[in-house]
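Structure file structure_22.csv; described as CSV, C-alpha atoms.
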```
chain,number,residue,atom,x,y,z
A,1,MET,CA,-8.3,21.1,-6.4
A,2,LEU,CA,-10.6,18.7,-8.2
A,3,MET,CA,-9.0,16.7,-10.9
A,4,SER,CA,-11.2,14.6,-13.2
A,5,ARG,CA,-10.2,11.0,-14.1
A,6,ARG,CA,-9.4,12.2,-17.6
A,7,HIS,CA,-7.0,14.8,-16.2
A,8,ALA,CA,-5.3,12.3,-14.0
A,9,ILE,CA,-4.8,9.9,-16.9
A,10,ALA,CA,-3.5,12.8,-19.0
A,11,ALA,CA,-1.0,13.6,-16.3
A,12,LEU,CA,0.3,10.1,-16.0
A,13,GLY,CA,-0.3,8.7,-19.4
A,14,SER,CA,1.4,11.3,-21.6
A,15,THR,CA,4.9,10.9,-22.7
A,16,MET,CA,5.9,14.3,-21.2
A,17,LEU,CA,8.7,12.9,-19.1
A,18,MET,CA,10.2,10.8,-22.0
A,19,PRO,CA,12.8,13.5,-22.9
A,20,VAL,CA,14.3,13.2,-19.4
A,21,VAL,CA,14.3,9.4,-19.6
A,22,ALA,CA,15.5,9.2,-23.2
A,23,GLY,CA,18.2,11.7,-22.6
A,24,ALA,CA,19.6,9.7,-19.7
A,25,ALA,CA,19.1,6.3,-21.2
A,26,PHE,CA,20.4,6.9,-24.7
A,27,GLY,CA,22.7,9.8,-24.3
A,28,ALA,CA,20.6,12.0,-26.5
A,29,VAL,CA,21.7,15.6,-26.7
A,30,GLN,CA,18.9,18.0,-25.8
A,31,SER,CA,18.6,21.5,-27.0
A,32,VAL,CA,18.1,24.4,-24.5
A,33,ALA,CA,14.4,24.4,-25.5
A,34,ASP,CA,14.1,20.6,-24.9
A,35,LYS,CA,15.7,20.9,-21.5
A,36,ALA,CA,13.4,23.8,-20.5
A,37,PHE,CA,10.3,21.8,-21.6
A,38,ALA,CA,11.4,18.7,-19.8
A,39,LYS,CA,11.9,20.7,-16.6
A,40,LEU,CA,8.5,22.4,-17.0
A,41,ALA,CA,6.7,19.1,-17.8
A,42,ALA,CA,8.2,17.4,-14.8
A,43,LYS,CA,7.2,20.3,-12.5
A,44,TRP,CA,3.7,20.3,-13.9
A,45,LEU,CA,3.3,16.5,-13.3
A,46,ASP,CA,4.7,16.7,-9.8
A,47,GLN,CA,2.5,19.6,-8.8
A,48,SER,CA,-0.6,18.1,-10.4
A,49,MET,CA,-0.2,15.1,-8.1
A,50,LYS,CA,0.3,17.4,-5.0
A,51,PHE,CA,-2.9,19.2,-5.9
A,52,SER,CA,-4.9,16.0,-6.1
A,53,PRO,CA,-3.6,13.3,-3.7
A,54,VAL,CA,-6.5,10.9,-4.4
A,55,SER,CA,-5.7,11.0,-8.1
A,56,ALA,CA,-2.0,10.5,-7.3
A,57,THR,CA,-2.9,7.4,-5.4
A,58,GLN,CA,-5.0,6.2,-8.3
A,59,VAL,CA,-2.2,6.5,-10.8
A,60,GLY,CA,0.4,5.0,-8.6
A,61,ASP,CA,2.1,8.0,-7.0
A,62,HIS,CA,2.0,7.2,-3.3
A,63,ARG,CA,3.8,10.3,-1.8
A,64,PHE,CA,0.4,11.8,-0.7
A,65,ASP,CA,-1.5,8.8,0.4
A,66,SER,CA,-2.3,10.4,3.8
A,67,GLU,CA,-3.7,13.6,2.3
A,68,LEU,CA,-6.9,14.7,0.6
A,69,ASP,CA,-7.7,17.2,-2.1
A,70,ASP,CA,-8.2,20.8,-1.1
A,71,VAL,CA,-11.5,21.7,-2.8
A,72,SER,CA,-11.9,25.0,-1.1
A,73,ALA,CA,-11.9,28.3,-3.0
A,74,ALA,CA,-8.3,28.8,-1.9
A,75,GLY,CA,-7.2,25.4,-3.2
A,76,ARG,CA,-9.0,26.0,-6.5
A,77,SER,CA,-7.4,29.4,-6.9
A,78,ALA,CA,-3.9,28.0,-6.2
A,79,GLY,CA,-4.5,25.4,-8.9
A,80,LEU,CA,-5.7,28.0,-11.4
A,81,VAL,CA,-2.7,30.2,-10.8
A,82,PHE,CA,-0.3,27.3,-11.2
A,83,ASN,CA,-2.0,26.3,-14.5
A,84,LYS,CA,-1.8,29.8,-15.8
A,85,GLN,CA,1.8,30.2,-14.9
A,86,THR,CA,2.7,26.9,-16.5
A,87,LEU,CA,0.8,27.8,-19.6
A,88,ALA,CA,2.6,31.2,-19.9
A,89,ALA,CA,6.0,29.4,-19.4
A,90,LEU,CA,5.1,26.8,-22.0
A,91,GLU,CA,4.1,29.5,-24.5
A,92,ALA,CA,7.4,31.2,-23.9
A,93,ILE,CA,9.3,28.1,-25.2
A,94,ASP,CA,9.9,28.2,-29.0
A,95,ALA,CA,8.1,25.1,-30.2
A,96,LYS,CA,10.1,25.1,-33.4
A,97,LYS,CA,13.3,24.4,-31.4
A,98,LEU,CA,11.8,21.4,-29.7
A,99,SER,CA,12.4,17.8,-30.9
A,100,ARG,CA,9.5,16.4,-32.8
A,101,ALA,CA,8.5,14.2,-29.8
A,102,ASN,CA,8.5,17.2,-27.5
A,103,GLN,CA,6.5,19.3,-30.0
A,104,VAL,CA,3.8,16.7,-29.7
A,105,ASP,CA,4.0,16.6,-26.0
A,106,ALA,CA,4.0,20.4,-25.7
A,107,ALA,CA,0.9,20.6,-27.8
A,108,LEU,CA,-0.8,18.0,-25.6
A,109,LEU,CA,0.2,19.8,-22.4
A,110,LYS,CA,-0.9,23.2,-23.8
A,111,ASN,CA,-4.3,21.7,-24.7
A,112,GLU,CA,-4.7,20.2,-21.2
A,113,LEU,CA,-3.8,23.4,-19.4
A,114,ARG,CA,-6.2,25.5,-21.5
A,115,SER,CA,-8.9,22.9,-20.9
A,116,GLN,CA,-8.3,23.0,-17.1
A,117,ILE,CA,-8.3,26.8,-17.0
A,118,TRP,CA,-11.5,26.9,-19.0
A,119,GLN,CA,-13.2,24.3,-16.8
A,120,THR,CA,-12.3,26.2,-13.7
A,121,GLU,CA,-13.2,29.7,-14.9
A,122,SER,CA,-16.0,29.1,-17.4
A,123,VAL,CA,-17.7,25.7,-16.8
A,124,GLN,CA,-17.3,26.1,-13.0
A,125,GLY,CA,-18.2,22.4,-12.3
A,126,TRP,CA,-17.0,23.0,-8.7
A,127,ALA,CA,-20.3,25.0,-8.1
A,128,TRP,CA,-22.8,22.6,-9.8
A,129,ASN,CA,-21.4,19.1,-10.3
A,130,PRO,CA,-21.3,17.2,-7.0
A,131,LEU,CA,-20.1,14.1,-8.7
A,132,GLY,CA,-16.6,15.5,-8.9
A,133,TYR,CA,-16.6,15.7,-5.1
A,134,GLN,CA,-18.1,12.2,-4.9
A,135,SER,CA,-15.2,10.8,-7.0
A,136,VAL,CA,-12.7,12.2,-4.6
A,137,ALA,CA,-14.6,11.0,-1.5
A,138,GLY,CA,-15.2,7.6,-2.9
A,139,GLY,CA,-11.7,7.2,-4.2
A,140,ALA,CA,-10.0,8.4,-1.0
A,141,ILE,CA,-10.2,5.0,0.7
A,142,TYR,CA,-10.9,2.7,-2.3
A,143,THR,CA,-7.6,3.6,-4.0
A,144,LEU,CA,-5.7,2.7,-0.9
A,145,MET,CA,-7.3,-0.6,-0.3
A,146,ALA,CA,-8.1,-2.0,-3.8
A,147,ARG,CA,-4.5,-2.8,-4.7
A,148,GLU,CA,-1.7,-4.3,-2.6
A,149,PHE,CA,0.9,-1.7,-3.5
A,150,ALA,CA,2.2,-1.7,0.1
A,151,PRO,CA,1.7,-3.8,3.3
A,152,VAL,CA,-1.9,-3.6,4.6
A,153,GLU,CA,-0.7,-2.0,7.8
A,154,GLN,CA,0.8,0.9,5.9
A,155,ARG,CA,-2.3,1.3,3.8
A,156,LEU,CA,-4.5,1.2,6.9
A,157,ALA,CA,-2.5,4.0,8.4
A,158,ALA,CA,-3.0,6.2,5.3
A,159,ALA,CA,-6.7,5.3,5.3
A,160,THR,CA,-7.0,6.3,8.9
A,161,ARG,CA,-5.6,9.7,8.2
A,162,ARG,CA,-7.9,10.2,5.2
A,163,MET,CA,-10.9,9.2,7.2
A,164,GLU,CA,-9.9,11.8,9.8
A,165,LEU,CA,-9.8,14.4,7.0
A,166,ILE,CA,-13.2,13.5,5.5
A,167,PRO,CA,-15.3,15.8,7.7
A,168,ALA,CA,-13.3,18.8,6.6
A,169,PHE,CA,-13.5,17.7,2.9
A,170,LEU,CA,-17.3,17.3,3.1
A,171,LYS,CA,-17.6,20.7,4.8
A,172,GLN,CA,-15.6,22.2,1.9
A,173,THR,CA,-17.9,20.5,-0.5
A,174,ARG,CA,-21.0,22.0,1.1
A,175,GLY,CA,-19.3,25.4,1.0
A,176,GLU,CA,-18.5,25.3,-2.7
A,177,LEU,CA,-21.7,23.7,-4.2
A,178,VAL,CA,-24.5,26.1,-5.1
A,179,PRO,CA,-27.6,24.0,-4.8
A,180,ALA,CA,-29.7,26.1,-7.2
A,181,ARG,CA,-27.0,25.6,-9.9
A,182,VAL,CA,-27.0,21.8,-9.5
A,183,PRO,CA,-29.0,19.8,-12.2
A,184,VAL,CA,-31.7,17.5,-10.8
A,185,PRO,CA,-30.2,14.3,-12.2
A,186,HIS,CA,-26.8,15.2,-10.7
A,187,ALA,CA,-28.3,15.8,-7.3
A,188,ALA,CA,-30.3,12.6,-7.3
A,189,THR,CA,-27.3,10.6,-8.5
A,190,TYR,CA,-25.1,12.2,-5.8
A,191,SER,CA,-27.6,11.3,-3.1
A,192,ALA,CA,-27.6,7.6,-4.2
A,193,GLN,CA,-23.8,7.4,-4.6
A,194,HIS,CA,-23.0,9.1,-1.4
A,195,LYS,CA,-24.9,6.4,0.5
A,196,GLY,CA,-22.3,3.9,-0.6
A,197,LEU,CA,-19.4,5.6,1.1
A,198,LYS,CA,-19.9,3.9,4.4
A,199,SER,CA,-20.0,0.5,2.7
A,200,ILE,CA,-16.4,1.0,1.5
A,201,ILE,CA,-15.4,0.8,5.1
A,202,GLY,CA,-17.3,-2.3,5.8
A,203,GLU,CA,-16.0,-4.1,2.7
A,204,MET,CA,-12.4,-2.8,2.5
A,205,ILE,CA,-11.3,-1.7,6.0
A,206,ASP,CA,-13.2,-3.9,8.5
A,207,PRO,CA,-11.8,-7.2,7.2
A,208,HIS,CA,-8.2,-6.0,7.9
A,209,LYS,CA,-8.7,-4.2,11.2
A,210,GLU,CA,-7.1,-7.0,13.1
A,211,LYS,CA,-3.8,-6.3,11.4
A,212,LEU,CA,-3.5,-3.3,13.7
A,213,SER,CA,-3.2,-3.2,17.5
A,214,GLY,CA,-2.6,-0.8,20.3
A,215,ALA,CA,-2.7,2.9,19.6
A,216,ALA,CA,-2.9,2.4,15.8
A,217,ARG,CA,-6.0,0.2,16.2
A,218,THR,CA,-7.6,2.7,18.6
A,219,ARG,CA,-7.0,5.5,16.2
A,220,LEU,CA,-8.4,3.5,13.3
A,221,ASP,CA,-11.6,2.8,15.2
A,222,ALA,CA,-12.0,6.4,16.1
A,223,ALA,CA,-11.4,7.5,12.5
A,224,ILE,CA,-14.1,5.1,11.3
A,225,ALA,CA,-16.6,6.6,13.8
A,226,THR,CA,-15.6,10.1,12.7
A,227,TYR,CA,-15.9,9.1,9.0
A,228,ASN,CA,-19.3,7.5,9.4
A,229,ALA,CA,-20.7,10.4,11.4
A,230,ALA,CA,-19.5,12.9,8.8
A,231,CYS,CA,-21.0,10.9,6.0
A,232,ASP,CA,-24.4,10.8,7.8
A,233,GLU,CA,-24.2,14.6,8.4
A,234,HIS,CA,-23.5,15.2,4.7
A,235,GLN,CA,-26.2,12.8,3.5
A,236,ALA,CA,-28.7,14.7,5.6
A,237,TRP,CA,-27.5,17.9,3.9
A,238,ILE,CA,-27.8,16.3,0.4
A,239,ASP,CA,-31.3,15.1,1.0
A,240,GLY,CA,-32.5,18.0,3.0
A,241,THR,CA,-30.9,21.0,1.2
A,242,LEU,CA,-29.3,20.0,-2.1
A,243,VAL,CA,-31.9,17.8,-3.7
A,244,PRO,CA,-34.9,20.1,-2.9
A,245,ALA,CA,-33.0,23.1,-4.2
A,246,ALA,CA,-31.5,21.6,-7.3
A,247,LYS,CA,-33.1,23.4,-10.3
A,248,ALA,CA,-30.5,23.8,-13.1
A,249,ASP,CA,-30.8,22.4,-16.6
A,250,PHE,CA,-28.5,19.4,-17.1
A,251,ARG,CA,-27.9,20.3,-20.8
A,252,ALA,CA,-24.5,21.8,-21.6
A,253,GLY,CA,-25.8,23.9,-24.5
A,254,ALA,CA,-24.3,24.2,-27.9
A,255,GLU,CA,-21.5,26.7,-27.1
A,256,ARG,CA,-20.1,24.8,-24.1
A,257,PHE,CA,-20.5,21.5,-25.9
A,258,ASP,CA,-18.5,22.8,-28.9
A,259,LYS,CA,-15.8,24.2,-26.7
A,260,GLN,CA,-15.5,20.9,-24.8
A,261,LEU,CA,-15.5,19.0,-28.1
A,262,ALA,CA,-12.6,21.0,-29.4
A,263,PHE,CA,-10.6,20.3,-26.3
A,264,THR,CA,-11.4,16.6,-26.3
A,265,LEU,CA,-10.6,16.1,-30.0
A,266,GLN,CA,-7.9,18.7,-30.0
A,267,SER,CA,-9.3,19.8,-33.3
A,268,THR,CA,-11.0,22.8,-34.8
A,269,LEU,CA,-13.5,20.5,-36.7
A,270,THR,CA,-17.1,21.5,-36.0
A,271,ARG,CA,-19.9,19.1,-35.3
A,272,ALA,CA,-21.3,19.9,-38.8
A,273,GLU,CA,-17.9,19.1,-40.4
A,274,ILE,CA,-17.6,15.9,-38.5
A,275,ARG,CA,-21.1,14.8,-39.5
A,276,SER,CA,-20.5,15.7,-43.2
A,277,ARG,CA,-17.4,13.6,-43.6
A,278,PRO,CA,-18.1,10.6,-45.9
A,279,LYS,CA,-18.3,7.3,-44.1
A,280,ARG,CA,-15.8,5.3,-46.2
A,281,PRO,CA,-15.2,1.7,-45.4
A,282,SER,CA,-11.7,0.6,-44.6
A,283,PRO,CA,-9.9,-0.9,-47.6
A,284,ASN,CA,-9.1,-3.9,-45.4
A,285,ALA,CA,-12.6,-4.3,-44.1
A,286,GLY,CA,-13.6,-7.0,-46.7
A,287,ARG,CA,-10.3,-8.8,-46.1
A,288,ARG,CA,-10.9,-9.0,-42.4
A,289,CYS,CA,-14.5,-10.2,-42.8
A,290,THR,CA,-13.3,-13.0,-45.2
A,291,TRP,CA,-10.6,-14.0,-42.7
A,292,TRP,CA,-13.1,-14.2,-39.9
A,293,ARG,CA,-15.5,-16.3,-41.9
A,294,VAL,CA,-12.7,-18.7,-42.9
A,295,ARG,CA,-11.6,-18.9,-39.3
A,296,ARG,CA,-15.1,-19.7,-38.1
A,297,LEU,CA,-15.4,-22.5,-40.7
A,298,LYS,CA,-12.2,-24.1,-39.5
A,299,THR,CA,-13.3,-24.1,-35.8
```
Just give me the structure of the file as structure tokens.
Amino acid sequence: MLMSRRHAIAALGSTMLMPVVAGAAFGAVQSVADKAFAKLAAKWLDQSMKFSPVSATQVGDHRFDSELDDVSAAGRSAGLVFNKQTLAALEAIDAKKLSRANQVDAALLKNELRSQIWQTESVQGWAWNPLGYQSVAGGAIYTLMAREFAPVEQRLAAATRRMELIPAFLKQTRGELVPARVPVPHAATYSAQHKGLKSIIGEMIDPHKEKLSGAARTRLDAAIATYNAACDEHQAWIDGTLVPAAKADFRAGAERFDKQLAFTLQSTLTRAEIRSRPKRPSPNAGRRCTWWRVRRLKT
């Protein structure tokens, strides 16, 4: 299941697990509703990482470093079912009985779930936006090697497995994208960005290959060859099939833009209402400017 960077950050960056931590650390007494929400939030966060191993690596959850996202129709369907089940369970919790902190977190989670469901069912970026797939393919190795979160030998082993999985991932990508629905700029950008995948190996894997020996080194070298061949095959498909067939308009349209705006801002404000709001200067703006001028005179 594809997970955007915003969704990954939402999964890790929210305070949804704070009730669990706070209750243990400070002896806070949780209501039945609070306990139910804490359990639901923890399950959602855990499952979100399982659905998107590359995003999990990116945000510091290394349980799935040897796996890749399942971007097939079956994988997408599983993610959609889980999100709908989680949303239904969340809506069954009486928000009025939650602590104030959990009310805020519940609202954030509800918005995120509705957004993901809408993205999957209505926007259908999986069919027309190849850059989502590129983010996963590019991040698969980069997220393992860019930070020293574990010994390089361990990270190379995980990278080896992910390189072995890349051919299947790229095949799934070709099966899900509908070339005629892909906007021309997206196709052109995808072609250019995909060419950089092989350079990740040269820059981030090759300098460390000597750390491995024996069977591990042999497997790594074979995985690199497999990875490079799969990238070449996919590049040929991009340039020979996807780019020539890409015809869709890149514009989102007013209806979709407004829906996305509502999810992003978590507000019912319309574009017209936002534009019509008076642009009042901050009451402290003048004071800050004066402070800055004085500071510059002193330096």
Note to self: Within 12 Å of (-5.3, -1.6, -0.3) (file coordinates; only C-alpha atoms), which protein or nucleic acid residues are there? I'd like them as a PyMOL selection string.
What the structure shows: chain A and resi 57-58+62+65+139-159+200-201+203-205+207-208
Next item on the list: Go ahead and compute the interatomic distance for CA of Lys247 (chain A) and CA of Gly125 (chain A), in Å to one decimal.
Entry: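 Distance between the two atoms: 15.1 Å.
The space between CA of Ala106 (chain A) and CA of Phe263 (chain A) spans 14.6 Å.
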Check: By how many Å are CA of Phe37 (chain A) and CA of Leu109 (chain A) apart?
Finding: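 Separating CA of Phe37 (chain A) from CA of Leu109 (chain A) is a distance of 10.3 Å.
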Notebook entry, point to check: Looking at all atoms listed in the file, which of A:Arg219, A:Lys171, A:Arg162, A:Lys209 is the one that sits closest to Pro53 (chain A)?
Noted result: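 Smallest separation from Pro53 (chain A) among the options: A:Arg162.
Using all atoms listed in the file, the nearest neighbour of Leu113 (chain A) within the list A:Gly132, A:Val71, A:Gly60, A:Trp44 is A:Trp44.
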Margin query: Need to verify the contact set: Gln260 (chain A), 10 Å, all atoms listed in the file, exclusion of same-chain residues closer than 5 positions in sequence. Can you return it as a PyMOL selection string?
Written below: chain A and resi 115+118-119+123+252+254-255+265-266
Checklist line | Spatial neighbours of Trp237 (chain A), 12 Å, only C-alpha atoms, chain gap at least 2 places, as a PyMOL selection string | finding: chain A and resi 170-171+173-175+177+179+187+190-191+194+230-235+239-245
